Every structure is written in C-alpha cells, then in structure tokens.
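Peer 1: Take this structure, written in structure tokens, and hold onto it; I'll ask about it next.
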Amino acid sequence: MFLTEKGFRYALSENVRVIGALVIRSGVTRFGESRIGYLWTLAEPSIYVCMFLIMHTFVRTSLPFGDSAMLFFLTGVIGFRMTNLIARKAANGLSHNGPMLGYPLVKPLDTIVAAFLLETIIWMIICSLFLFFMFAVLDRHIIVYPLEFAGALLAICYFAFSFAVFNATFGALVPIWSKVLGFSNMILMLSSGVLFVPSTLPPTALAIVWWNPFLHCVEWFRSATYLDYVTVLSKTYLLSAATCFLVTGLALERIYRNRIISSE
Amino acid sequence: MKKDTAPAAPELEAETREQPQASNLLDMAKARIVRRAERQKRRLIREASIGASARTKSDPFDDDDEDLAPAKTDRDKKFSTKSIFEMPVLPKKQRKLNWTTISFALAVILPTIVTGLYFAFAASPQYEVETQFAVRGSSQGSLNALGLGSLMGTTAEAGDSYIVADYIHSQQVLQDIKDQAGLDVRSLYAHDFIDFVYKTDAVAPLDEFVGYWRDMVNVSFNSTTGNVTLQVYAFKPEDAKKITDAILLVSENLVNRLSEESRIQYTEVVNRQVERAEQRLAAVRRQLSDLRQTQQALDPKAIASMESSIIGSIEQELASVRTRYKALVTAASREAPSAKVMERRIVALEAQLAEQKARVGTGSVQKTGRNPDADSGTLSEVMDTFTQLSLEEEFAVKAYTTSLAGLETAMVEAQKQERFFATYVPPRTPEIAIYPRRILNTLLGFLAFSAAWLIGFFVYKSIKDHAI
C-alpha cells in the first residue's frame, strides 16, 4: 500500500504518458493495415448528406429551414454523427484496448480517454474540412456566432465523453446495454432533428423528442451556424444530463473496477 | 497533521522526491534497499542522540514483510504497548482522509450553505405574471391544424406569431414600451430592495439591458396551435402586471400595424386596376355621347330603320303611281291633264328616292336633315363608328366588371389576411411570490456542487492510481 504513496505530479505525468501511448496505439490500429479507412470517415457523412439531398430533390418538399438544403442537412448530420460517433468509439475504446488492461499501469478510464481524444481529433478535422468545403461552395458565412460555435463543440465533446464513460462502464457490467444502444441508434438519429426543425413539431411530439440529448447537440450546433434559427435548445438540460452520465459512469468504474477489468 | 509525527514527515518527503527515477521493477527494488539502509542509519543516529527516554515510534515504512532484520531489532529494543497503539495512527493516512473531507467541505458544503443563505435571506421575491395570447387570422390552414406544418412549411399566421415572439425579446420592444406606454422598464428593475444579484442600473444602456430583459421575460411560441405564452418576472406584483400590460399593448399595436400594411398592400394593386378600367369605360362613354350629340339621335339604328321605312314607303307610292299612270296612258292620251300631274309626281318621287338612298349610301349627297351643318358623313359611316364604339364600350364594361369582381375577391382575401391579437389569458396581478424556489434551488445547487466535486474526486483518484 505504501508503494502507491508517490507524488501527484509523478502520477499525472505517468497518466499522460499512458494516455499518449494509448492514443498513438489506437490511431495506428484504428483501421488495421489499410489507411484508406481514414478516407471512409470523411466519405461517410458526405454519403449521408448526398442521400438526403437526393431524397429531397425527389420528394420536392419545401425546405425545413433556410435557403440551402445542403447546409441544413450537413449541419444536422455533422452535429449528430460527431456526437454519436465520438461517444460510441470512445466507449469501444475499453473493449478494443482490452489486452492493454493486463498492464497494471493501464486503467479502464485511460482507454476511454485515449479513444475519446483520438476521435475528437479526427472529428475536429472532419468538421473543419466540411465547414471549409461549405464555405467554398456556398460562398457565405457558415459560422455566424464563433463563440457559440466553440461552446457547441465543447458541449458536444463533454456530452460525448460522459456518454462514452457511462456506456463503457455500464455496458461492461450489463452486456445487453450495448445492444440496446445499437438498436436505438436509428431512433436517436431520426428524433434528433437532422431532417426537420424541432421547434416546428407539435407540442406533444416535441415533449417526447425533447428528452433526446442528441437533439440538443444538433440544435446547439445549428444555432451557431444560422443567424435566426429558432431552437428548442436547453443548454442546462444537455449539460446536466452529461454531468449525470459522467458522475454515474465514473462512480461505476470506481466501484466495479475489478469486474470491468475481468469482463474485458 | 504534523503534531506528533514531525520527525517522520521530512523523511517521507525526501523519499517521494527520490522515487521518480525508479522506472522498472529491478531499479525499484534496488532503490528500496538503498533507502531502507539509509533510513536504518538515520534512525540509529537519531535514537542515539535522543536517548532511550525519547519518544520513538516505529516508522510506518518499516512495516514491510521484507523488512525483517530491522523490525526484529526494533521489536527487541522498543516493543511496548505504546508503540502498538501508536501504529494505526499513520500520518499519511490521516491526512488523506482529511483532504477528502476538507475538499468536500470546501467544494460542496460551503457553497451549498452560501447558496442556501442567499436564497433564505438575500434573494428578493419574484412575482410572476403569465399571459397567453394568439395572433389569429380568419383562415386556418387545415394542414397546420393537423400538425403537419413542419413538413409543409408554415403559414402566415405562424410567421406573425414568430414576429411577436421575437419582437418581445428585442430591443425595439423596450423602446416602444417607453414611447407608447410611457413606461421605462429599467426603473422597475432598479428598486433599492432588489437583491444584489438581480438589481440593475436604472440608466443602463438598452443594449446591455436587453440581456437582462431576456432573462426576466419568457416568451414561447407554439407553432402548431399558434399560441404564445408570455411570462414576466418582476419584484413587485404591480410592476409585473404593469410590464405585462405594456408588452401586450405594444404587441397589439405591432400586429395591427402589420395587418394594416398587409391589407393595404394586398388591395393596392387591384384598386389601381379598377381605376384604370373605370377610366377606360368613361372615355368610351364620352365618345359615344359625343357621337349622339353630333347625330342628334339617341340610337342610330332607329334613324336607319326610319330612313329605310321612308325609302320603302316612297318606293311603294312610286310603284302605285306608276301603275296608275300606265293604266291612264293606255286608257287616255298622254297629253291628258291628269297624266301630266301624275308624270310630275313620279319625277318628284324618284328625286326624293334618290336623295333618300344617297343619305344611306355614298357620301356625295348632302344630308337634308334638320341640321345639315352638323353632318359628319353618311348614315352607314355613322353606323360604323357607332358599332365600333359600342363594341369598345362592351369590352370596357366587361373589363370593369371583372376588375370589380377582382377587387371584391381581394377585399375578401385581405379580410382573411386580417390578424387579430387575441388575449385569452389576460394578465392578473399575482398575490404571492412563487419565485425563487428557495429550497429547490438550494437542493439543485447542492447536487451541482456534489457532481462537480465527485468528478474532481474521481479524476484525482484515477490519476493517483498511476502512481505505482
């Protein structure tokens, strides 16, 4: 027991070292041998947007909001997929780095943090590429509230991390949880306002959809890219939901650490 | 912490400073042996200097199963009940426990108490006035009523309600309240009894005040029902009522103005068209009446039929006179006086017939009417002009009736565009202050501080776990 009595600074430096190593390891092994996988991450949101655009051209309904269908769908798709994929990949970090948990220095939380950092870096690159692309194609200001936009990105990261911690720990304890999440993925996407403006929903529908935290992520993201977007965004709800997930996840990790490690 | 364990503390710190060099197990073991020897040496020196009477306690770091030899000597020399009792009082452990408690007290208990004190004593009561109104038109989209507005786009009424909702949160509403209701809202939020968190400056610039205003006035628009809910918070019941009334007043003015403008715009184009048709019809009518003036007849057709009947009767008479003349010539001589009379009559009738025909036909013969100077042509020419003009009149009348019908439709349409500002839950002076929710807010504060502290604690712990 007394062997653990080392300085906090030493522990911090060790922690940073471990996480750094894990980030590099996950980054190298993320797509196996072929580096073409990185292109796929970029192509995936584009395919989604193209799909929506084609659907939109065929159905010929009026635009949900604004004057550019591409901007509307792209902000929705990026806002949702950024949140969802960072959360999912970061939660998977625990199972992907399962063998690493054999080292006593590597804790379950480190793997989640490392995967989260890697995904965040990747998504920031994707996001800026798409924003630049839109700026070049649409020839207009995409980010109208820079501070709001930075806040939206930070909130998305915070929520994604909290959700990942909760999912990873809870999923390791209750294996069916990850399946439930997988099934609910489509529902979450449809109800998060990628294809419509939530504030135009009937109040009864909105009352249900409103509890979806992803909706708030998308709304926050959009409210920074449109000048006069009418949102149903509640920052308090999103942040407190994220905090609840984070506290629960961290507590579960601390209490059931041995079970989590052995289950991997 | 350093009460009776003062000698041990510096040693501990010395150790922790040495630790970072040890990176693998072999090095760590080596380092530990070296350290243990060092410690042993120091303790022996210390014991020798302090003497047997000095209070010695076993070093916690010797409580190690590998550390057999020093422990044996220690036990041989200093084994006593005192040392056993002192063993559990490990300095580091006590400090760790304390740090947890202290940080908890600092990060959770203290802020919660401060929050609780603020809400219990300092926070001013806030009175809430709620009112609901709707901007309604006479036509309601059926799709919108079904809640499909989100899929099909929104209607104009929704647009107007959005305008009102946005307007209430804008800077303009403050200016308008000041101008139209004669109420400076800022002064109502700058009373002296308001607590320091909520008190504002009575002369704060509107640009800054609008942020505060948005906090104190909630407005939410329901796009399906088209209803707007407005909540106003103030620190005096009358103030809240006053502000709500002022907001409703300026909002109604806004809606009326918008409605009027939209109605005017709607009917303006049609009105102009009606005016044009009217002018055209009037011009044609004037030409027609001019023609009648010059021809001195109400209807050229009647003149024509009169002329033709005259021609007919002349021809008839001519024919009968000729018949009688022929009979007379065969019966009597051509030179008979009656035959001469008849001959003259025939000539006169023929001349009259030629004149009459000339009036209808070519324009070479002057009209021998009641007013020969005013003549403008033969009867057929007059008829031509008349037909043309009456055709034009017909078109003009048709255009005029069409534009009148258009105006009628536009009026109806404009009536449909008319917006009513309908307040169905009028503001009511509140009796008690519901806000702030003192206990709930304190509890929420406690939860938030606990969450923050827990996250910090877990993160610290998790980092600490790497110190192996």
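Following the order of the structure tokens, chains are lettered A, B, ..., residues in each are numbered from 1, and ligands are numbered from 1.
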For chain A, report every residue with an atom at most 6 Å from chain B (counting only C-alpha atoms), formatted as a list in words.
Peer 2: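 That gives the following set of residues: Thr4, Lys6, Ala11, Leu12, Asn15, Leu105, Thr200, Leu201 and Pro202 of chain A.
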Peer 1: Between CA of Gly98 in chain A and CA of Phe170 in chain A, what is the distance in Å, rounded to a tenth?
Peer 2: 15.7 Å
Peer 1: Need the shell around Met70 in chain A: protein/DNA/RNA residues with any atom at most 12 Å away, counting only C-alpha atoms. Skip same-chain ones fewer than 6 positions apart. Format as a list in words?
Peer 2: Pro45, Ser46, Ile47, Tyr48, Val49, Cys50, Met51, Phe52, Leu53, Ile54, Met55, His56, Thr57, Leu63, Pro64, Gly76, Val77, Ile78, Phe130, Leu131, Phe133, Met134, Phe135, Val137, Leu138, Ile142, Val194 and Leu195 of chain A
Peer 1: Using Å and a single decimal, report how far CA of Glu393 in chain B sits from CA of Glu275 in chain B.
Peer 2: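 Result for CA of Glu275 in chain B versus CA of Glu393 in chain B: 15.9 Å, one decimal.
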Peer 1: Contacts of Val106 in chain A at 12 Å or less, counting only C-alpha atoms, minus same-chain residues fewer than 4 places along, as a PyMOL selection string?
Peer 2: (chain A and resi 14-22+94+97-102+110-114+261) or (chain B and resi 462-463+465-468)
Peer 1: Just give me the gap between CA of Ile303 in chain B and CA of Leu379 in chain B in Å, one decimal is fine.
Peer 2: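 Value for the CA of Ile303 in chain B-CA of Leu379 in chain B distance: 8.3 Å.
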Peer 1: Write down as number ranges by chain the residues of range 171-222 of chain A whose backbone DSSP state falls under alpha helix (DSSP H).
Peer 2: A: 171-173, 176-190, 203-209, 213-222
Peer 1: Set the distance at 12 Å and use only C-alpha atoms: which residues neighbour Trp210 in chain A once local chain neighbours fewer than 4 positions away are removed? I'd like the list as a list in words.
Peer 2: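 What passes the distance filter is Leu188, Ser191, Ser192, Gly193, Val197, Pro198, Ser199, Leu201, Pro202, Pro203, Thr204, Ala205, Leu206, Phe214, Leu215, His216, Cys217, Val218, Glu219, Thr231, Val232, Leu233, Ser234, Tyr237 and Leu238 of chain A.
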Peer 1: Take the residues from that selection and write them out as a PDB file, in the first residue's frame, keeping C-alpha atoms.
Peer 2:
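Printed below is out_23.pdb as written:
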```pdb
ATOM      1  CA  LEU A 188     -31.900   8.623 -31.865  1.00  0.00           C
ATOM      2  CA  SER A 191     -35.500  12.104 -33.452  1.00  0.00           C
ATOM      3  CA  SER A 192     -32.537  14.397 -33.144  1.00  0.00           C
ATOM      4  CA  GLY A 193     -33.718  16.846 -35.758  1.00  0.00           C
ATOM      5  CA  VAL A 197     -36.643  21.728 -37.297  1.00  0.00           C
ATOM      6  CA  PRO A 198     -37.742  20.581 -33.826  1.00  0.00           C
ATOM      7  CA  SER A 199     -39.400  23.885 -32.969  1.00  0.00           C
ATOM      8  CA  LEU A 201     -43.088  19.958 -34.184  1.00  0.00           C
ATOM      9  CA  PRO A 202     -46.458  19.642 -32.462  1.00  0.00           C
ATOM     10  CA  PRO A 203     -46.043  20.103 -28.717  1.00  0.00           C
ATOM     11  CA  THR A 204     -46.967  16.518 -27.944  1.00  0.00           C
ATOM     12  CA  ALA A 205     -44.260  15.172 -30.234  1.00  0.00           C
ATOM     13  CA  LEU A 206     -41.781  17.755 -29.061  1.00  0.00           C
ATOM     14  CA  PHE A 214     -28.535  14.403 -29.165  1.00  0.00           C
ATOM     15  CA  LEU A 215     -31.279  16.757 -30.299  1.00  0.00           C
ATOM     16  CA  HIS A 216     -29.816  19.444 -28.099  1.00  0.00           C
ATOM     17  CA  CYS A 217     -26.361  18.809 -29.521  1.00  0.00           C
ATOM     18  CA  VAL A 218     -27.686  19.248 -33.060  1.00  0.00           C
ATOM     19  CA  GLU A 219     -29.698  22.304 -32.036  1.00  0.00           C
ATOM     20  CA  THR A 231     -34.290  26.456 -31.311  1.00  0.00           C
ATOM     21  CA  VAL A 232     -35.781  24.417 -28.512  1.00  0.00           C
ATOM     22  CA  LEU A 233     -32.260  24.143 -27.131  1.00  0.00           C
ATOM     23  CA  SER A 234     -31.799  23.829 -23.387  1.00  0.00           C
ATOM     24  CA  TYR A 237     -30.555  20.086 -19.798  1.00  0.00           C
ATOM     25  CA  LEU A 238     -27.732  18.957 -22.053  1.00  0.00           C
TER      26      LEU A 238
END
```
Peer 1: List as number ranges by chain the protein and nucleic acid residues near range 89-93 of chain A, meaning an atom at most 7 Å away when only C-alpha atoms are counted, but skip any in the same chain fewer than 5 places from it.
Peer 2: A: 111-112, 115-116, 164-165, 167-168
Peer 1: Please, could you write that set of residues out with N, CA and C atoms as a compact mmCIF listing (two decimals), in the first residue's frame?
Peer 2:
```txt
# COMPACT_ATOMS: atom_id res chain seq x y z
N THR A 111 -8.21 4.03 -21.22
CA THR A 111 -8.53 3.59 -22.58
C THR A 111 -9.67 4.43 -23.15
N ILE A 112 -10.64 4.74 -22.30
CA ILE A 112 -11.77 5.56 -22.78
C ILE A 112 -11.28 6.96 -23.13
N ALA A 115 -9.29 6.85 -26.41
CA ALA A 115 -10.15 6.71 -27.59
C ALA A 115 -10.93 8.00 -27.84
N PHE A 116 -11.37 8.62 -26.76
CA PHE A 116 -12.11 9.88 -26.89
C PHE A 116 -11.24 10.95 -27.53
N ALA A 164 -19.85 8.28 -23.26
CA ALA A 164 -18.93 7.16 -23.51
C ALA A 164 -18.53 6.49 -22.21
N VAL A 165 -18.21 7.29 -21.20
CA VAL A 165 -17.81 6.71 -19.92
C VAL A 165 -18.94 5.88 -19.34
N ASN A 167 -21.51 4.54 -20.99
CA ASN A 167 -21.79 3.36 -21.81
C ASN A 167 -20.74 2.29 -21.61
N ALA A 168 -19.48 2.72 -21.54
CA ALA A 168 -18.40 1.73 -21.41
C ALA A 168 -18.53 0.98 -20.09
```
Peer 1: Which residues come within 12 Å of Val197 in chain B, counting only C-alpha atoms, excluding same-chain residues fewer than 3 positions away, as a list in words?
Peer 2: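 Returned residues: Tyr118, Phe119, Ala122, Ala123, Ser124, Tyr189, Ala190, Phe193, Ile194, Thr200, Asp201 and Tyr212 of chain B.
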Peer 1: Could you write out that same residue set with C-alpha atoms as a PDB file, in the first residue's frame?
Peer 2:
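And here is the file that came out, out_6.pdb:
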```pdb
ATOM      1  CA  TYR B 118     -28.575  33.656  -0.249  1.00  0.00           C
ATOM      2  CA  PHE B 119     -31.899  32.073  -1.056  1.00  0.00           C
ATOM      3  CA  ALA B 122     -30.890  37.767   0.450  1.00  0.00           C
ATOM      4  CA  ALA B 123     -32.900  36.708  -2.578  1.00  0.00           C
ATOM      5  CA  SER B 124     -35.738  39.093  -3.358  1.00  0.00           C
ATOM      6  CA  TYR B 189     -35.749  46.543 -12.064  1.00  0.00           C
ATOM      7  CA  ALA B 190     -33.620  49.042 -10.202  1.00  0.00           C
ATOM      8  CA  PHE B 193     -34.968  46.464  -2.191  1.00  0.00           C
ATOM      9  CA  ILE B 194     -33.899  44.144  -5.004  1.00  0.00           C
ATOM     10  CA  THR B 200     -29.760  46.597 -12.418  1.00  0.00           C
ATOM     11  CA  ASP B 201     -28.937  50.143 -13.215  1.00  0.00           C
ATOM     12  CA  TYR B 212     -31.300  41.122 -18.540  1.00  0.00           C
TER      13      TYR B 212
END
```
